[in-house]
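target_16.txt, holding compact mmCIF, C-alpha atoms:
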```txt
# COMPACT_ATOMS: atom_id res chain seq x y z
CA MET A 17 28.05 145.86 202.16
CA LYS A 18 30.24 148.87 202.85
CA HIS A 19 33.69 148.06 204.15
CA HIS A 20 33.65 149.46 207.65
CA PRO A 21 35.87 147.76 210.23
CA THR A 22 33.77 145.44 212.35
CA PRO A 23 34.81 142.74 214.80
CA ALA A 24 34.38 139.05 214.00
CA GLN A 25 33.60 138.21 217.62
CA PRO A 26 30.25 138.90 219.30
CA ASP A 27 29.71 142.63 219.66
CA THR A 28 27.06 144.54 221.55
CA ALA A 29 26.42 148.21 220.88
CA ASP A 30 24.18 150.69 222.67
CA ALA A 31 24.88 153.90 220.82
CA THR A 32 22.31 156.63 221.37
CA GLY A 33 19.32 156.17 219.11
CA LEU A 34 20.16 152.54 218.27
CA VAL A 35 18.42 149.41 219.44
CA HIS A 36 20.45 147.07 221.59
CA HIS A 37 21.94 144.38 219.38
CA GLN A 38 24.53 141.65 219.17
CA VAL A 39 26.68 140.66 216.21
CA ASP A 40 28.05 137.13 215.79
CA GLY A 41 29.89 135.41 212.99
CA PRO A 42 32.57 136.35 210.45
CA ALA A 43 32.85 140.06 209.73
CA ASP A 44 33.06 139.46 205.97
CA ALA A 45 30.14 137.00 205.74
CA PRO A 46 26.70 137.83 204.27
CA VAL A 47 24.57 139.67 206.83
CA LEU A 48 21.48 138.10 208.39
CA ILE A 49 19.35 140.27 210.71
CA LEU A 50 17.08 138.42 213.15
CA GLY A 51 14.03 140.02 214.74
CA PRO A 52 12.31 138.87 217.98
CA SER A 53 8.65 138.54 218.85
CA LEU A 54 6.70 140.71 221.26
CA GLY A 55 7.68 139.93 224.85
CA THR A 56 11.00 138.25 224.01
CA SER A 57 14.58 139.38 223.45
CA LEU A 58 17.37 138.57 221.04
CA SER A 59 18.01 135.42 223.13
CA LEU A 60 14.99 133.87 221.39
CA TRP A 61 17.37 133.01 218.52
CA GLU A 62 20.02 131.31 220.66
CA PRO A 63 19.10 127.73 219.58
CA GLN A 64 19.77 128.62 215.94
CA LEU A 65 22.68 131.01 216.49
CA PRO A 66 25.70 128.64 216.49
CA GLU A 67 24.80 127.14 213.12
CA LEU A 68 23.78 130.44 211.53
CA ALA A 69 26.90 132.23 212.74
CA ARG A 70 29.12 129.71 210.94
CA GLN A 71 28.02 131.08 207.58
CA TYR A 72 26.52 134.51 208.26
CA ARG A 73 27.24 137.72 210.09
CA VAL A 74 24.24 137.44 212.36
CA VAL A 75 22.78 140.64 213.83
CA ARG A 76 20.13 140.16 216.53
CA TRP A 77 18.23 143.12 217.96
CA ASP A 78 15.84 143.90 220.82
CA LEU A 79 12.49 145.65 220.61
CA PRO A 80 12.00 148.89 222.58
CA GLY A 81 11.64 148.08 226.27
CA HIS A 82 12.82 144.51 225.67
CA GLY A 83 16.22 142.99 226.44
CA GLY A 84 18.79 145.77 226.38
CA THR A 85 16.86 148.33 224.32
CA PRO A 86 15.39 151.19 226.38
CA THR A 87 11.85 152.30 225.69
CA ASP A 88 13.03 155.87 225.09
CA VAL A 89 14.65 154.75 221.83
CA LEU A 90 11.20 155.56 220.45
CA GLU A 91 11.42 159.21 221.45
CA PRO A 92 11.47 161.59 218.47
CA ARG A 93 14.84 163.06 217.63
CA ASP A 94 13.29 166.51 217.35
CA GLY A 95 10.61 167.91 219.60
CA PRO A 96 9.25 166.82 222.98
CA ALA A 97 8.75 163.18 223.86
CA PRO A 98 5.11 162.00 224.03
CA ALA A 99 3.61 161.50 227.47
CA VAL A 100 2.88 157.84 226.61
CA PRO A 101 5.44 156.04 224.41
CA THR A 102 3.87 154.55 221.30
CA ALA A 103 5.10 153.07 218.03
CA THR A 104 4.20 151.75 214.60
CA VAL A 105 5.81 148.89 212.73
CA ALA A 106 7.29 151.53 210.43
CA ASP A 107 8.99 153.09 213.48
CA LEU A 108 10.49 149.73 214.42
CA ALA A 109 11.61 149.15 210.85
CA ARG A 110 13.37 152.51 210.83
CA LEU A 111 15.26 151.45 213.95
CA VAL A 112 16.46 148.38 212.06
CA LEU A 113 17.55 150.47 209.08
CA ASP A 114 19.42 152.84 211.42
CA LEU A 115 21.13 149.82 212.96
CA ALA A 116 22.09 148.42 209.56
CA ASP A 117 23.45 151.81 208.49
CA SER A 118 25.51 152.08 211.67
CA LEU A 119 27.09 148.70 210.85
CA GLY A 120 27.82 149.70 207.27
CA VAL A 121 25.33 147.19 205.87
CA ASP A 122 23.57 148.09 202.63
CA ARG A 123 21.65 144.87 201.96
CA PHE A 124 20.86 141.94 204.21
CA ALA A 125 18.79 138.82 204.66
CA TYR A 126 16.12 139.19 207.31
CA ALA A 127 14.23 136.67 209.45
CA GLY A 128 11.77 137.53 212.19
CA VAL A 129 9.29 135.93 214.55
CA SER A 130 5.78 137.38 214.86
CA LEU A 131 6.20 141.16 215.35
CA GLY A 132 9.84 140.79 214.31
CA GLY A 133 8.58 139.19 211.11
CA ALA A 134 6.15 142.05 210.54
CA VAL A 135 9.09 144.45 210.70
CA GLY A 136 10.85 142.44 207.99
CA ALA A 137 7.73 142.30 205.81
CA TRP A 138 7.31 146.08 206.09
CA LEU A 139 10.96 146.58 205.11
CA ALA A 140 10.65 144.21 202.16
CA ALA A 141 7.53 146.04 200.93
CA HIS A 142 8.84 149.59 201.43
CA HIS A 143 12.62 149.20 201.10
CA PRO A 144 13.08 146.30 198.67
CA ASP A 145 16.57 147.53 197.79
CA ARG A 146 17.73 146.61 201.32
CA ILE A 147 16.34 143.06 201.60
CA ASP A 148 18.04 140.11 199.87
CA SER A 149 15.71 137.47 201.30
CA LEU A 150 12.95 137.31 203.89
CA ALA A 151 11.76 134.69 206.39
CA LEU A 152 8.50 135.22 208.29
CA ILE A 153 8.10 132.85 211.24
CA CYS A 154 4.69 132.63 212.90
CA SER A 155 3.88 136.08 211.56
CA SER A 156 1.01 137.76 209.74
CA ALA A 157 -0.05 140.59 207.48
CA ARG A 158 -2.52 141.64 210.20
CA PHE A 159 -2.56 140.43 213.80
CA GLY A 160 -6.29 140.43 214.50
CA GLU A 161 -8.60 143.25 215.49
CA PRO A 162 -6.89 146.51 216.55
CA ALA A 163 -9.19 146.91 219.56
CA ALA A 164 -7.78 143.80 221.26
CA TRP A 165 -4.22 145.16 221.03
CA ARG A 166 -5.28 148.56 222.33
CA GLU A 167 -7.00 146.88 225.26
CA ARG A 168 -3.87 144.89 226.00
CA ALA A 169 -1.73 148.02 225.83
CA ALA A 170 -4.07 149.79 228.27
CA LEU A 171 -4.02 146.80 230.65
CA VAL A 172 -0.22 146.66 230.67
CA ARG A 173 0.12 150.40 231.21
CA GLU A 174 -2.25 150.16 234.17
CA GLN A 175 -1.31 146.82 235.79
CA GLY A 176 2.09 145.86 234.39
CA LEU A 177 2.96 142.57 232.74
CA ALA A 178 1.92 140.10 235.44
CA PRO A 179 -1.63 139.58 234.05
CA ILE A 180 -0.23 139.07 230.53
CA ALA A 181 2.53 136.69 231.63
CA ALA A 182 0.04 134.47 233.44
CA ALA A 183 -1.67 133.57 230.16
CA THR A 184 1.33 133.73 227.85
CA ALA A 185 2.45 130.09 227.95
CA ALA A 186 -0.87 128.95 226.50
CA ARG A 187 -0.49 131.38 223.59
CA TRP A 188 3.19 130.73 222.92
CA PHE A 189 3.52 126.96 223.30
CA THR A 190 1.69 123.67 222.88
CA PRO A 191 0.60 122.01 226.16
CA ALA A 192 3.35 119.40 225.77
CA PHE A 193 6.05 122.09 225.77
CA ALA A 194 4.54 124.78 227.99
CA ASN A 195 5.98 123.34 231.20
CA SER A 196 9.51 122.78 229.88
CA ALA A 197 12.48 124.73 231.20
CA PRO A 198 12.94 126.78 227.98
CA ALA A 199 9.26 127.75 228.01
CA ARG A 200 9.31 128.74 231.67
CA ASP A 201 12.45 130.83 231.14
CA LEU A 202 10.83 132.79 228.30
CA VAL A 203 7.68 133.50 230.31
CA LEU A 204 9.69 134.57 233.36
CA ALA A 205 11.78 136.90 231.18
CA LEU A 206 8.60 138.51 229.89
CA ARG A 207 7.28 139.06 233.40
CA ASP A 208 10.53 140.20 235.02
CA THR A 209 12.61 141.98 232.36
CA VAL A 210 10.30 143.67 229.85
CA ASP A 211 9.36 147.31 230.43
CA PRO A 212 5.54 147.64 230.43
CA ALA A 213 5.76 150.96 228.56
CA GLY A 214 7.83 149.39 225.79
CA TYR A 215 5.56 146.35 225.59
CA ALA A 216 2.48 148.58 225.37
CA ALA A 217 4.09 150.69 222.64
CA CYS A 218 4.70 147.52 220.62
CA CYS A 219 1.04 146.53 221.16
CA ASP A 220 0.14 149.88 219.60
CA ALA A 221 2.33 148.95 216.63
CA LEU A 222 0.49 145.65 216.20
CA ALA A 223 -2.88 147.39 216.48
CA ALA A 224 -2.04 149.74 213.61
CA TYR A 225 -0.34 147.13 211.43
CA ASP A 226 -2.09 145.95 208.26
CA LEU A 227 0.15 145.03 205.33
CA ARG A 228 -2.41 143.05 203.35
CA ALA A 229 -2.70 145.63 200.58
CA ASP A 230 1.09 145.83 200.19
CA LEU A 231 2.05 142.14 200.15
CA ASP A 232 2.34 142.16 196.37
CA ARG A 233 5.09 144.79 196.71
CA ILE A 234 7.38 142.21 198.33
CA THR A 235 9.80 140.91 195.71
CA ALA A 236 12.44 139.34 197.96
CA PRO A 237 12.50 135.52 198.03
CA THR A 238 10.28 134.72 201.00
CA LEU A 239 9.96 131.78 203.36
CA VAL A 240 6.88 131.55 205.60
CA VAL A 241 6.95 129.17 208.58
CA ALA A 242 3.77 128.36 210.52
CA GLY A 243 3.08 126.33 213.64
CA ARG A 244 0.06 124.14 213.06
CA GLU A 245 -1.10 124.64 216.67
CA ASP A 246 -0.50 128.40 216.76
CA PRO A 247 -3.55 130.25 218.15
CA ALA A 248 -1.99 133.71 217.70
CA THR A 249 -1.10 133.48 214.01
CA PRO A 250 -2.80 130.30 212.77
CA PRO A 251 -1.71 128.59 209.54
CA ALA A 252 -4.43 130.52 207.69
CA HIS A 253 -2.40 133.69 208.32
CA ALA A 254 0.68 132.04 206.83
CA ARG A 255 -1.28 130.90 203.78
CA GLU A 256 -2.49 134.44 203.24
CA LEU A 257 1.13 135.60 203.19
CA THR A 258 2.21 132.93 200.70
CA ASP A 259 -0.85 133.47 198.52
CA HIS A 260 -0.03 137.16 198.05
CA ILE A 261 3.80 137.23 198.09
CA ALA A 262 4.99 136.08 194.69
CA GLY A 263 6.97 132.84 194.84
CA ALA A 264 6.78 132.51 198.63
CA THR A 265 7.41 129.09 200.17
CA LEU A 266 5.28 127.80 203.06
CA VAL A 267 6.49 125.34 205.72
CA GLU A 268 3.95 124.18 208.33
CA LEU A 269 5.41 122.57 211.45
CA PRO A 270 3.43 119.99 213.42
CA ARG A 271 3.63 120.07 217.23
CA ALA A 272 4.46 123.78 217.15
CA SER A 273 2.65 126.82 218.50
CA HIS A 274 3.45 130.54 218.25
CA LEU A 275 7.10 130.50 219.32
CA ALA A 276 8.01 127.70 216.94
CA SER A 277 11.64 128.81 216.90
CA ALA A 278 11.85 127.90 220.60
CA GLU A 279 9.59 124.84 220.57
CA ARG A 280 10.85 123.28 217.31
CA PRO A 281 14.30 124.87 216.90
CA ALA A 282 15.78 122.22 214.59
CA PRO A 283 13.04 122.28 211.89
CA VAL A 284 13.01 126.10 211.96
CA LEU A 285 16.80 126.14 211.52
CA ALA A 286 16.63 123.59 208.69
CA ALA A 287 13.98 125.58 206.84
CA LEU A 288 15.88 128.84 207.32
CA LEU A 289 19.24 127.39 206.23
CA GLY A 290 17.68 125.88 203.14
CA HIS A 291 15.99 129.15 202.23
CA LEU A 292 19.16 131.21 202.76
CA ALA A 293 21.28 128.80 200.73
CA GLU A 294 18.76 128.82 197.87
CA HIS A 295 18.71 132.61 197.87
CA PRO A 296 22.23 133.77 198.79
CA ALA A 297 22.87 137.41 199.58
CA ARG A 298 24.00 139.48 196.63
CA PRO A 299 27.37 141.20 196.82
CA SER A 300 27.16 144.93 197.52
CA GLY A 301 30.03 145.88 195.25
CA PRO A 302 30.98 144.95 191.69
CA VAL A 303 30.78 141.21 190.97
CA PRO A 304 34.27 139.79 190.36
CA ALA A 305 34.81 138.59 186.82
CA ASP A 306 35.61 135.03 187.86
CA ALA A 307 32.47 134.77 190.01
CA ALA A 308 30.32 136.16 187.20
CA ALA A 309 31.75 133.50 184.90
CA GLY A 310 30.83 130.78 187.39
CA ASP A 311 34.35 129.35 187.62
CA ASP A 312 35.26 126.20 189.52
CA ARG A 313 36.27 128.09 192.66
CA SER A 314 32.95 129.87 193.01
CA ARG A 315 31.03 126.65 192.28
CA HIS A 316 33.05 124.80 194.90
CA ALA A 317 32.37 127.55 197.48
CA ALA A 318 28.64 127.55 196.69
CA GLY A 319 28.57 123.76 196.76
CA MET A 320 30.30 123.54 200.11
CA THR A 321 27.80 126.00 201.61
CA VAL A 322 24.83 123.95 200.39
CA ARG A 323 26.47 120.64 201.28
CA ARG A 324 26.98 121.79 204.87
CA ALA A 325 23.45 123.19 205.07
CA VAL A 326 21.87 119.93 203.84
CA LEU A 327 24.13 117.27 205.38
CA GLY A 328 25.39 119.12 208.46
CA ASP A 329 28.87 120.20 209.47
CA ALA A 330 29.65 117.00 211.38
CA HIS A 331 29.08 114.79 208.33
CA VAL A 332 30.97 117.06 205.96
CA ASP A 333 33.85 117.46 208.40
CA ARG A 334 34.14 113.66 208.70
CA SER A 335 34.19 113.33 204.91
CA ILE A 336 36.89 115.97 204.59
CA ALA A 337 38.95 114.35 207.35
CA ARG A 338 38.86 111.01 205.48
CA THR A 339 39.95 112.56 202.19
CA SER A 340 43.16 111.08 200.78
CA ALA A 341 45.34 111.93 197.80
CA LEU A 342 43.35 109.36 195.81
CA THR A 343 39.86 110.59 196.79
CA ALA A 344 40.52 114.36 196.85
CA VAL A 345 39.65 114.79 193.18
CA PHE A 346 36.29 113.06 193.73
CA GLN A 347 35.50 115.20 196.80
CA ASP A 348 36.18 118.30 194.72
CA PHE A 349 34.07 116.95 191.84
CA ILE A 350 31.04 116.05 193.97
CA THR A 351 31.15 119.39 195.79
CA ARG A 352 31.29 121.38 192.55
CA TYR A 353 28.95 119.25 190.44
CA ALA A 354 26.27 117.72 192.68
CA TRP A 355 26.18 120.44 195.33
CA GLY A 356 27.48 123.50 193.48
CA GLU A 357 25.55 123.05 190.22
CA ILE A 358 22.51 120.85 190.88
CA TRP A 359 21.47 121.48 194.51
CA THR A 360 21.98 125.23 194.03
CA ARG A 361 19.63 125.49 191.04
CA PRO A 362 16.52 127.59 191.73
CA GLY A 363 14.03 125.42 189.83
CA LEU A 364 13.18 123.09 192.73
CA SER A 365 13.02 123.60 196.48
CA ARG A 366 15.36 121.75 198.81
CA ARG A 367 12.42 119.74 200.12
CA THR A 368 11.51 118.59 196.60
CA ARG A 369 15.11 117.69 195.82
CA SER A 370 15.20 115.60 199.00
CA CYS A 371 12.07 113.71 197.92
CA ILE A 372 13.57 112.95 194.50
CA THR A 373 16.90 111.91 196.00
CA LEU A 374 15.27 109.53 198.48
CA THR A 375 13.27 107.87 195.70
CA ALA A 376 16.35 107.42 193.52
CA LEU A 377 18.39 105.95 196.36
CA VAL A 378 15.58 103.52 197.25
CA ALA A 379 15.35 102.41 193.63
CA ARG A 380 19.07 101.80 193.31
CA GLY A 381 19.50 100.23 196.74
CA HIS A 382 22.19 102.69 197.86
CA HIS A 383 21.53 102.20 201.55
CA ASP A 384 24.47 104.14 203.04
CA GLU A 385 23.57 107.15 200.92
CA LEU A 386 19.89 106.65 201.76
CA SER A 387 20.60 106.87 205.50
CA MET A 388 22.60 110.04 204.94
CA HIS A 389 19.88 111.63 202.83
CA LEU A 390 17.11 110.65 205.25
CA ARG A 391 18.86 112.84 207.83
CA ALA A 392 19.34 115.50 205.15
CA ALA A 393 15.63 115.41 204.33
CA LEU A 394 14.78 116.06 207.98
CA ARG A 395 17.27 118.96 208.03
CA ASN A 396 15.61 120.30 204.88
CA GLY A 397 12.29 120.44 206.71
CA LEU A 398 10.54 117.23 205.65
CA THR A 399 8.44 115.74 208.42
CA PRO A 400 8.51 112.01 209.27
CA GLN A 401 5.01 111.79 207.81
CA GLU A 402 6.20 113.27 204.51
CA ILE A 403 9.12 110.83 204.40
CA GLN A 404 6.61 108.04 205.00
CA GLU A 405 4.64 109.20 201.96
CA VAL A 406 7.78 109.29 199.79
CA LEU A 407 8.65 105.72 200.78
CA LEU A 408 5.10 104.50 200.15
CA GLN A 409 5.25 106.07 196.68
CA SER A 410 8.60 104.36 196.16
CA ALA A 411 7.08 100.99 197.14
CA VAL A 412 4.74 101.24 194.16
CA TYR A 413 7.30 102.32 191.56
CA CYS A 414 10.60 100.92 192.94
CA GLY A 415 9.42 97.65 194.43
CA VAL A 416 8.22 96.41 197.81
CA PRO A 417 11.52 94.75 198.84
CA ALA A 418 13.41 97.98 198.21
CA ALA A 419 10.84 99.98 200.16
CA ASN A 420 10.88 97.42 202.98
CA THR A 421 14.58 98.03 203.54
CA ALA A 422 14.07 101.78 203.17
CA PHE A 423 11.34 101.83 205.84
CA ALA A 424 13.60 99.94 208.25
CA LEU A 425 16.41 102.46 207.68
CA ALA A 426 14.01 105.40 207.97
CA ASP A 427 12.56 104.09 211.24
CA ARG A 428 16.03 104.06 212.79
CA VAL A 429 17.25 107.35 211.29
CA VAL A 430 14.11 109.33 212.12
CA ASP A 431 14.05 107.99 215.69
CA GLU A 432 17.71 108.95 216.19
CA TYR A 433 17.16 112.40 214.67
CA LEU A 434 14.10 113.19 216.76
CA THR A 435 15.85 111.96 219.91
CA GLU A 436 18.75 114.30 219.20
CA HIS A 437 16.43 117.26 218.65
CA THR A 438 13.89 116.73 221.44
CA PRO A 439 14.34 118.30 224.92
CA HIS A 440 15.56 115.86 227.57
CA PRO A 441 12.80 114.55 229.87
CA ASP A 442 14.52 116.23 232.79
CA THR A 443 13.88 119.61 231.21
CA ALA A 444 10.54 119.02 229.43
CA GLU A 445 7.55 118.02 231.52
CA THR A 446 4.15 117.33 229.99
CA ASP A 447 1.06 119.03 231.39
CA SER A 448 -1.51 116.69 232.90
```

Show me this structure written as structure tokens.
Amino acid sequence: MKHHPTPAQPDTADATGLVHHQVDGPADAPVLILGPSLGTSLSLWEPQLPELARQYRVVRWDLPGHGGTPTDVLEPRDGPAPAVPTATVADLARLVLDLADSLGVDRFAYAGVSLGGAVGAWLAAHHPDRIDSLALICSSARFGEPAAWRERAALVREQGLAPIAAATAARWFTPAFANSAPARDLVLALRDTVDPAGYAACCDALAAYDLRADLDRITAPTLVVAGREDPATPPAHARELTDHIAGATLVELPRASHLASAERPAPVLAALLGHLAEHPARPSGPVPADAAAGDDRSRHAAGMTVRRAVLGDAHVDRSIARTSALTAVFQDFITRYAWGEIWTRPGLSRRTRSCITLTALVARGHHDELSMHLRAALRNGLTPQEIQEVLLQSAVYCGVPAANTAFALADRVVDEYLTEHTPHPDTAETDS
């Protein structure tokens, strides 16, 4: 990253020719750019923002005609503007590159939802030197037949967004979530704040988008997240991405539809944090000699990043607060060795390491550590059903009494975790 002065506090810029954006997090942290889906704004990422901004310089941006970005950002810099604004995914990607250049950012991690994910995939395929890692959330290499998108663009240009908004909740959310306050707010924002011309131009981009032949050009470490109940980009679309992007990781979320980042914010955050920690951003300048040698300081820093991502800030902060002169050497050791050397290794995913850790803790009867790592497994993206399978496997090879205690602990920990990460009944009503 080039060393241009940038503020550490949230910053919004609207320079001519740039998409509206907001920057959060430390100015010297690795850069993570977040892309929205069609019909939403940068606020789509608000549930994940506080945690991401602790470790990353987070840059969120708005599509043309969405949020604070005017539709005329699509106008050509030379020559007359077209009578009807239109766009391609390549056009949107160039807006992101212009934004990154304006911020002095050479390379960055990128995560995007749906159309925002398509922009990241196009960048990773055509500008691999700019992308350190990629996360595609409820996205696709091709979003269905072009004719359907052209028809939608024509409808919106003629009648506005009211007809689209009326059917949007069923496409974006599961029935259990569609009537919740967050869901209603997103649909209302689509109806009331999005410019029909900008929305239609983005529909044109989706109509023309087909990256299937170029997926094998993507070399960035890639995470693909799918909602199992997503009618817009079903899990089959996610599997196509992972089948053709070398080394890509697939996470399928139950009880999630197209806007999984809004409906299941905690599992999406856990998957994204795990992916980012496994594939940290590369430095833009020369690598310091001590970092290249993997000295204790760099291992401790890497270990603390992973430890916080897996266990959560609250747990780590409590551990640090309890550190005494006697235990400080052990805290340093465990951060460098377990977290900085083992959990950072690329050979296994975080999810797999969680499965192994749970089994070992069941076998040895380390119940306090087991409770801690059950929560960590959920943060790493394991579902309660997958934890159930791990404990059943442990019952066979570690013993039924050990598994009996483990199931009792897991029942309590999973219930507490899901309660903490489920919308309150006052704000989430179930459709009849």

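Nearest-residue note for Arg324 in chain A: choosing from A:Ala293, A:Val406, A:Val203, A:Val378, the minimum distance belongs to A:Ala293, counting all atoms listed in the file.
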
Exercise for the section: Quick one: everything within 8 Å of Leu115 in chain A, counting all atoms listed in the file, minus sequence neighbours fewer than 4 positions away in the same chain. Send it as a PyMOL selection string. Expected result: chain A and resi 34-35+111+119

Handout entry: Who sits within 6 Å of range 384-398 of chain A, all atoms listed in the file, same chain under 6 positions skipped, as a PyMOL selection string
Key = chain A and resi 283+286-287+326-327+367+370+377

Practice task
Pull the neighbourhood of (18.7, 140.7, 211.8) for me: all residues within 6 Å in file coordinates, counting only C-alpha atoms, as an MDAnalysis selection string.
Solution key: chainID A and resid 48:51 75:76 126

Handout entry: Residues within 6 Å of range 349-357 of chain A, all atoms listed in the file, excluding chain neighbours under 5 positions, as a ChimeraX atom specification
Key = /A:315-316,318-319,323

Exercise for the section: Please indicate the distance in Å from CA of Leu139 in chain A to CA of Thr368 in chain A, rounded to one decimal place. Expected result: 29.3 Å

Completion exercise
Separating CA of Ala186 in chain A from CA of Leu54 in chain A, to the nearest tenth of an Å, is a gap of 14.9 Å

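Considering all atoms listed in the file, the residue among A:Leu285, A:Val100, A:Met320, A:Ala157 positioned nearest to Tyr215 in chain A is A:Val100.
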
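Here CA of Asp232 in chain A is placed at a distance of 14.7 Å from CA of Arg158 in chain A.
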
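In terms of minimum interatomic distance to Arg255 in chain A, A:Val240 ranks closest within A:Leu131, A:Ala217, A:Leu374, A:Val240, counting all atoms listed in the file.
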